[in-house]
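Heads up, data_5.pdb below (PDB, C-alpha atoms):
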```
MODEL        1
ATOM      1  CA  MET G   1     125.536  91.936 103.920  1.00  0.00           C
ATOM      2  CA  ASP G   2     123.702  91.894 100.582  1.00  0.00           C
ATOM      3  CA  THR G   3     122.315  95.355 101.402  1.00  0.00           C
ATOM      4  CA  THR G   4     125.825  96.716 102.077  1.00  0.00           C
ATOM      5  CA  GLU G   5     127.115  95.316  98.785  1.00  0.00           C
ATOM      6  CA  LYS G   6     124.211  96.873  96.891  1.00  0.00           C
ATOM      7  CA  ILE G   7     124.751 100.240  98.574  1.00  0.00           C
ATOM      8  CA  SER G   8     128.441 100.185  97.745  1.00  0.00           C
ATOM      9  CA  ASP G   9     127.696  99.074  94.161  1.00  0.00           C
ATOM     10  CA  ASN G  10     125.173 101.886  93.763  1.00  0.00           C
ATOM     11  CA  SER G  11     127.522 104.509  95.202  1.00  0.00           C
ATOM     12  CA  GLY G  12     130.287 103.333  92.857  1.00  0.00           C
ATOM     13  CA  THR G  13     127.901 103.626  89.944  1.00  0.00           C
ATOM     14  CA  MET G  14     126.861 107.103  91.095  1.00  0.00           C
ATOM     15  CA  GLU G  15     130.523 108.115  91.389  1.00  0.00           C
ATOM     16  CA  ASP G  16     131.161 106.734  87.895  1.00  0.00           C
ATOM     17  CA  HIS G  17     128.245 108.756  86.511  1.00  0.00           C
ATOM     18  CA  LEU G  18     129.476 111.882  88.271  1.00  0.00           C
ATOM     19  CA  GLN G  19     133.001 111.375  86.918  1.00  0.00           C
ATOM     20  CA  VAL G  20     131.721 110.913  83.352  1.00  0.00           C
ATOM     21  CA  ALA G  21     129.558 114.030  83.790  1.00  0.00           C
ATOM     22  CA  ARG G  22     132.700 115.933  84.929  1.00  0.00           C
ATOM     23  CA  VAL G  23     134.623 114.716  81.878  1.00  0.00           C
ATOM     24  CA  ILE G  24     131.789 115.775  79.541  1.00  0.00           C
ATOM     25  CA  GLU G  25     131.513 119.175  81.237  1.00  0.00           C
ATOM     26  CA  THR G  26     135.280 119.687  81.004  1.00  0.00           C
ATOM     27  CA  LEU G  27     135.287 118.809  77.295  1.00  0.00           C
ATOM     28  CA  GLN G  28     132.345 121.165  76.674  1.00  0.00           C
ATOM     29  CA  GLN G  29     134.253 123.986  78.400  1.00  0.00           C
ATOM     30  CA  ASP G  30     137.753 123.283  77.048  1.00  0.00           C
ATOM     31  CA  LEU G  31     137.261 122.386  73.407  1.00  0.00           C
ATOM     32  CA  PRO G  32     135.636 125.603  72.090  1.00  0.00           C
ATOM     33  CA  THR G  33     138.616 127.640  73.337  1.00  0.00           C
ATOM     34  CA  LEU G  34     141.459 125.190  72.580  1.00  0.00           C
ATOM     35  CA  PHE G  35     143.001 127.570  70.014  1.00  0.00           C
ATOM     36  CA  LYS G  36     143.085 130.401  72.577  1.00  0.00           C
ATOM     37  CA  GLN G  37     143.817 128.829  75.962  1.00  0.00           C
ATOM     38  CA  ASP G  38     145.121 125.595  77.406  1.00  0.00           C
ATOM     39  CA  ILE G  39     142.812 122.714  78.252  1.00  0.00           C
ATOM     40  CA  SER G  40     142.467 120.871  81.575  1.00  0.00           C
ATOM     41  CA  TYR G  41     144.608 117.760  81.713  1.00  0.00           C
ATOM     42  CA  ASN G  42     143.197 116.209  84.896  1.00  0.00           C
ATOM     43  CA  ILE G  43     140.636 114.162  82.912  1.00  0.00           C
ATOM     44  CA  TYR G  44     143.340 112.233  81.007  1.00  0.00           C
ATOM     45  CA  THR G  45     145.555 109.312  82.022  1.00  0.00           C
ATOM     46  CA  LYS G  46     149.324 109.822  82.063  1.00  0.00           C
ATOM     47  CA  ASP G  47     149.668 107.425  79.114  1.00  0.00           C
ATOM     48  CA  ILE G  48     146.861 108.923  76.991  1.00  0.00           C
ATOM     49  CA  GLU G  49     147.061 107.738  73.385  1.00  0.00           C
ATOM     50  CA  PHE G  50     146.159 110.211  70.634  1.00  0.00           C
ATOM     51  CA  ARG G  51     145.586 109.534  66.953  1.00  0.00           C
ATOM     52  CA  ASP G  52     144.314 111.639  64.074  1.00  0.00           C
ATOM     53  CA  PRO G  53     144.796 111.396  60.286  1.00  0.00           C
ATOM     54  CA  ILE G  54     148.317 112.883  60.471  1.00  0.00           C
ATOM     55  CA  SER G  55     149.767 111.977  63.859  1.00  0.00           C
ATOM     56  CA  ARG G  56     149.868 109.377  66.583  1.00  0.00           C
ATOM     57  CA  PHE G  57     151.561 109.457  69.981  1.00  0.00           C
ATOM     58  CA  ARG G  58     151.272 108.413  73.599  1.00  0.00           C
ATOM     59  CA  GLY G  59     151.732 110.223  76.906  1.00  0.00           C
ATOM     60  CA  LYS G  60     150.313 113.273  78.658  1.00  0.00           C
ATOM     61  CA  PHE G  61     153.456 115.330  77.981  1.00  0.00           C
ATOM     62  CA  ASN G  62     153.069 114.783  74.224  1.00  0.00           C
ATOM     63  CA  TYR G  63     149.340 115.480  74.531  1.00  0.00           C
ATOM     64  CA  ARG G  64     150.165 118.844  76.131  1.00  0.00           C
ATOM     65  CA  ILE G  65     152.612 119.580  73.310  1.00  0.00           C
ATOM     66  CA  ILE G  66     149.978 118.999  70.599  1.00  0.00           C
ATOM     67  CA  PHE G  67     147.607 121.494  72.224  1.00  0.00           C
ATOM     68  CA  TRP G  68     150.413 124.025  72.712  1.00  0.00           C
ATOM     69  CA  THR G  69     151.317 123.573  69.023  1.00  0.00           C
ATOM     70  CA  LEU G  70     147.702 124.134  67.966  1.00  0.00           C
ATOM     71  CA  ARG G  71     147.537 127.401  69.948  1.00  0.00           C
ATOM     72  CA  PHE G  72     150.940 128.537  68.667  1.00  0.00           C
ATOM     73  CA  HIS G  73     150.098 127.902  65.003  1.00  0.00           C
ATOM     74  CA  ALA G  74     146.593 129.353  65.375  1.00  0.00           C
ATOM     75  CA  GLY G  75     148.078 132.627  66.637  1.00  0.00           C
ATOM     76  CA  LEU G  76     150.833 132.658  64.036  1.00  0.00           C
ATOM     77  CA  PHE G  77     148.932 131.682  60.887  1.00  0.00           C
ATOM     78  CA  PHE G  78     145.287 132.659  61.397  1.00  0.00           C
ATOM     79  CA  GLN G  79     143.409 135.959  61.590  1.00  0.00           C
ATOM     80  CA  GLU G  80     140.470 134.010  62.995  1.00  0.00           C
ATOM     81  CA  ILE G  81     140.114 130.373  63.985  1.00  0.00           C
ATOM     82  CA  TYR G  82     137.327 128.531  65.758  1.00  0.00           C
ATOM     83  CA  PHE G  83     136.670 125.060  67.103  1.00  0.00           C
ATOM     84  CA  ASP G  84     132.880 124.780  67.072  1.00  0.00           C
ATOM     85  CA  VAL G  85     131.554 121.983  69.266  1.00  0.00           C
ATOM     86  CA  HIS G  86     128.196 120.723  68.020  1.00  0.00           C
ATOM     87  CA  ASP G  87     127.562 117.772  70.312  1.00  0.00           C
ATOM     88  CA  VAL G  88     129.176 116.028  73.275  1.00  0.00           C
ATOM     89  CA  HIS G  89     127.526 112.817  74.408  1.00  0.00           C
ATOM     90  CA  GLN G  90     128.210 109.534  76.120  1.00  0.00           C
ATOM     91  CA  GLN G  91     127.886 106.829  73.469  1.00  0.00           C
ATOM     92  CA  ASP G  92     128.259 103.915  75.875  1.00  0.00           C
ATOM     93  CA  GLN G  93     129.723 103.211  79.311  1.00  0.00           C
ATOM     94  CA  GLU G  94     133.303 103.742  78.164  1.00  0.00           C
ATOM     95  CA  THR G  95     132.946 106.108  75.185  1.00  0.00           C
ATOM     96  CA  ILE G  96     132.341 109.841  74.774  1.00  0.00           C
ATOM     97  CA  LYS G  97     131.814 111.285  71.286  1.00  0.00           C
ATOM     98  CA  VAL G  98     132.270 114.910  70.238  1.00  0.00           C
ATOM     99  CA  ASN G  99     131.197 116.306  66.858  1.00  0.00           C
ATOM    100  CA  TRP G 100     132.930 119.521  65.808  1.00  0.00           C
ATOM    101  CA  THR G 101     133.965 121.905  63.047  1.00  0.00           C
ATOM    102  CA  VAL G 102     137.245 123.783  62.595  1.00  0.00           C
ATOM    103  CA  ARG G 103     136.915 127.010  60.625  1.00  0.00           C
ATOM    104  CA  GLY G 104     139.164 129.971  60.165  1.00  0.00           C
ATOM    105  CA  ILE G 105     140.742 132.646  57.985  1.00  0.00           C
ATOM    106  CA  LEU G 106     144.447 132.377  57.292  1.00  0.00           C
ATOM    107  CA  SER G 107     146.707 135.423  57.623  1.00  0.00           C
ATOM    108  CA  LEU G 108     147.583 135.549  53.932  1.00  0.00           C
ATOM    109  CA  PRO G 109     146.865 138.371  51.462  1.00  0.00           C
ATOM    110  CA  TRP G 110     144.150 136.366  49.671  1.00  0.00           C
ATOM    111  CA  GLN G 111     142.580 135.377  53.042  1.00  0.00           C
ATOM    112  CA  PRO G 112     141.931 131.692  52.365  1.00  0.00           C
ATOM    113  CA  ARG G 113     139.392 130.031  54.619  1.00  0.00           C
ATOM    114  CA  LEU G 114     139.841 126.744  56.401  1.00  0.00           C
ATOM    115  CA  PHE G 115     136.824 124.549  57.038  1.00  0.00           C
ATOM    116  CA  PHE G 116     136.441 120.897  57.970  1.00  0.00           C
ATOM    117  CA  ASN G 117     134.255 118.757  60.202  1.00  0.00           C
ATOM    118  CA  GLY G 118     135.331 115.960  62.449  1.00  0.00           C
ATOM    119  CA  ASN G 119     134.601 113.928  65.492  1.00  0.00           C
ATOM    120  CA  SER G 120     136.558 112.856  68.515  1.00  0.00           C
ATOM    121  CA  THR G 121     136.079 109.529  70.233  1.00  0.00           C
ATOM    122  CA  TYR G 122     137.310 109.394  73.814  1.00  0.00           C
ATOM    123  CA  LYS G 123     137.696 106.042  75.582  1.00  0.00           C
ATOM    124  CA  LEU G 124     137.407 105.958  79.380  1.00  0.00           C
ATOM    125  CA  THR G 125     139.073 103.838  82.031  1.00  0.00           C
ATOM    126  CA  GLU G 126     136.984 102.269  84.795  1.00  0.00           C
ATOM    127  CA  ASP G 127     137.908 105.342  86.890  1.00  0.00           C
ATOM    128  CA  GLY G 128     136.411 107.622  84.236  1.00  0.00           C
ATOM    129  CA  LEU G 129     139.665 109.067  82.879  1.00  0.00           C
ATOM    130  CA  ILE G 130     140.353 109.378  79.156  1.00  0.00           C
ATOM    131  CA  TYR G 131     143.028 106.934  77.992  1.00  0.00           C
ATOM    132  CA  ASN G 132     142.428 107.134  74.227  1.00  0.00           C
ATOM    133  CA  HIS G 133     141.528 110.055  71.934  1.00  0.00           C
ATOM    134  CA  LEU G 134     140.823 109.313  68.264  1.00  0.00           C
ATOM    135  CA  ASP G 135     140.029 112.148  65.819  1.00  0.00           C
ATOM    136  CA  THR G 136     138.519 111.566  62.394  1.00  0.00           C
ATOM    137  CA  TRP G 137     137.970 114.243  59.744  1.00  0.00           C
ATOM    138  CA  ASP G 138     135.401 114.547  56.963  1.00  0.00           C
ATOM    139  CA  ARG G 139     138.133 114.901  54.337  1.00  0.00           C
ATOM    140  CA  LYS G 140     141.726 113.902  53.724  1.00  0.00           C
ATOM    141  CA  PRO G 141     144.568 116.089  55.071  1.00  0.00           C
ATOM    142  CA  GLY G 142     145.591 116.994  51.501  1.00  0.00           C
ATOM    143  CA  GLU G 143     142.104 118.312  50.777  1.00  0.00           C
ATOM    144  CA  ILE G 144     142.276 120.471  53.893  1.00  0.00           C
ATOM    145  CA  TRP G 145     145.739 121.725  52.902  1.00  0.00           C
ATOM    146  CA  GLN G 146     144.411 122.722  49.443  1.00  0.00           C
ATOM    147  CA  GLN G 147     142.058 125.205  51.137  1.00  0.00           C
ATOM    148  CA  PHE G 148     145.119 127.311  52.029  1.00  0.00           C
ATOM    149  CA  PHE G 149     145.594 128.173  48.348  1.00  0.00           C
ATOM    150  CA  ARG G 150     142.025 129.163  47.504  1.00  0.00           C
ATOM    151  CA  LYS G 151     140.829 132.753  47.702  1.00  0.00           C
ATOM    152  CA  GLY G 152     138.606 133.357  50.766  1.00  0.00           C
ATOM    153  CA  VAL G 153     135.699 131.077  49.974  1.00  0.00           C
ATOM    154  CA  MET G 154     134.105 129.236  52.888  1.00  0.00           C
ATOM    155  CA  SER G 155     133.094 125.815  51.686  1.00  0.00           C
ATOM    156  CA  ASN G 156     131.722 122.772  53.371  1.00  0.00           C
ATOM    157  CA  GLU G 157     131.939 120.707  50.218  1.00  0.00           C
ATOM    158  CA  HIS G 158     134.222 117.682  50.129  1.00  0.00           C
TER     159      HIS G 158
ENDMDL
END
```
I'd like the structure from this file rewritten - as structure tokens, please.
Amino acid sequence: MDTTEKISDNSGTMEDHLQVARVIETLQQDLPTLFKQDISYNIYTKDIEFRDPISRFRGKFNYRIIFWTLRFHAGLFFQEIYFDVHDVHQQDQETIKVNWTVRGILSLPWQPRLFFNGNSTYKLTEDGLIYNHLDTWDRKPGEIWQQFFRKGVMSNEH
């Protein structure tokens, strides 16, 4: 009986590792194109909680709306916009971290450039689904907004 328990424990652990690997792979595929196409929602719980420096909400429907809004505004206000993913890694058993940069050129006559770095922390359930998504940015929202009024200078200064 001890052997059976160990086998079942090991297979559960293997399934957990495979699920986390699927989540990481999905994030690596989805995030770079989030301004151009929709992401996969099968890696998130129905009551996913999202928080960034300007918003906070709960629920997969609202999560879908935020990504739709990002795509809509990207197409409306930007000549070019990119979400560069630098690193996706499992920090611990229940946490995935993603380091990224948003950069773009606004569709204004003076072509201001948007640039800021951030990271996303995703918390996982025991089943390996994301139930919490926290974004942090390397500067305050007001500092990012000020970039809209500068002539096209790409800056990574704070």
Requested in this report: Tell me which of G:Gly142, G:Phe148, G:Leu18, G:Phe61 sits closest to G:Phe77, counting all atoms listed in the file.
Outcome: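 Closest to G:Phe77 of all the choices is G:Phe148.
Using only C-alpha atoms, the nearest neighbour of G:Tyr82 within the list G:Trp137, G:Trp68, G:Trp100, G:Phe149 is G:Trp100.
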Query raised in the report: Please, what distance in Å, to one decimal, runs between atom CA of G:Tyr41 and atom CA of G:Ile65?
Result: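 Distance between the two atoms: 11.7 Å.
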Query raised in the report: Could you name the residues that touch stretch 69-71 of chain G at 8 Å or less, counting only C-alpha atoms, but leaving out those on the same chain fewer than 5 positions away, as a list in words?
Result: Leu34, Phe35, Lys36 and Gln37 of chain G
**Report entry** For G:Glu126: contacts at 12 Å, all atoms listed in the file, fewer than 6 positions along chain excluded, given as a PyMOL selection string
**Finding:** chain G and resi 12-13+15-17+19-20+45+93-95
Selected residues written out, C-alpha atoms, as a PDB file, keeping the file's coordinate frame:
```pdb
ATOM      1  CA  GLY G  12     130.287 103.333  92.857  1.00  0.00           C
ATOM      2  CA  THR G  13     127.901 103.626  89.944  1.00  0.00           C
ATOM      3  CA  GLU G  15     130.523 108.115  91.389  1.00  0.00           C
ATOM      4  CA  ASP G  16     131.161 106.734  87.895  1.00  0.00           C
ATOM      5  CA  HIS G  17     128.245 108.756  86.511  1.00  0.00           C
ATOM      6  CA  GLN G  19     133.001 111.375  86.918  1.00  0.00           C
ATOM      7  CA  VAL G  20     131.721 110.913  83.352  1.00  0.00           C
ATOM      8  CA  THR G  45     145.555 109.312  82.022  1.00  0.00           C
ATOM      9  CA  GLN G  93     129.723 103.211  79.311  1.00  0.00           C
ATOM     10  CA  GLU G  94     133.303 103.742  78.164  1.00  0.00           C
ATOM     11  CA  THR G  95     132.946 106.108  75.185  1.00  0.00           C
TER      12      THR G  95
END
```
Report task. Please identify all polymer residues within 12 Å of G:Arg22, counting all atoms listed in the file, omitting same-chain residues fewer than 4 positions from it, and present them as a VMD selection string. Result -> chain G and resid 15 to 18 26 to 30 40 42 to 44 90 96 127 to 130
What would the file look like if the residues just selected were written as a tab-separated table (two decimals), in the frame of the given file with C-alpha atoms?
```tsv
chain	number	residue	atom	x	y	z
G	15	GLU	CA	130.52	108.12	91.39
G	16	ASP	CA	131.16	106.73	87.90
G	17	HIS	CA	128.24	108.76	86.51
G	18	LEU	CA	129.48	111.88	88.27
G	26	THR	CA	135.28	119.69	81.00
G	27	LEU	CA	135.29	118.81	77.30
G	28	GLN	CA	132.34	121.16	76.67
G	29	GLN	CA	134.25	123.99	78.40
G	30	ASP	CA	137.75	123.28	77.05
G	40	SER	CA	142.47	120.87	81.58
G	42	ASN	CA	143.20	116.21	84.90
G	43	ILE	CA	140.64	114.16	82.91
G	44	TYR	CA	143.34	112.23	81.01
G	90	GLN	CA	128.21	109.53	76.12
G	96	ILE	CA	132.34	109.84	74.77
G	127	ASP	CA	137.91	105.34	86.89
G	128	GLY	CA	136.41	107.62	84.24
G	129	LEU	CA	139.66	109.07	82.88
G	130	ILE	CA	140.35	109.38	79.16
```
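For the atom pair formed by atom CA of G:Arg58 and atom CA of G:Asp138, the distance is 23.8 Å, given to one decimal.
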Query raised in the report: Could you state the separation of atom CA of G:Gln79 and atom CA of G:Lys151 in Å, given to one decimal place?
Result: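 Result for atom CA of G:Gln79 versus atom CA of G:Lys151: 14.5 Å, one decimal.
Among the candidates G:Ile48, G:Ile144, G:Met14, G:Leu31, the residue lying nearest to G:Val85 is G:Leu31 (atoms considered: only C-alpha atoms).
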Query raised in the report: Skipping near chain neighbours, those fewer than 5 positions away, what residues fall within 12 Å of G:Gly118 using all atoms listed in the file, listed as a count of residues only?
Result: 24
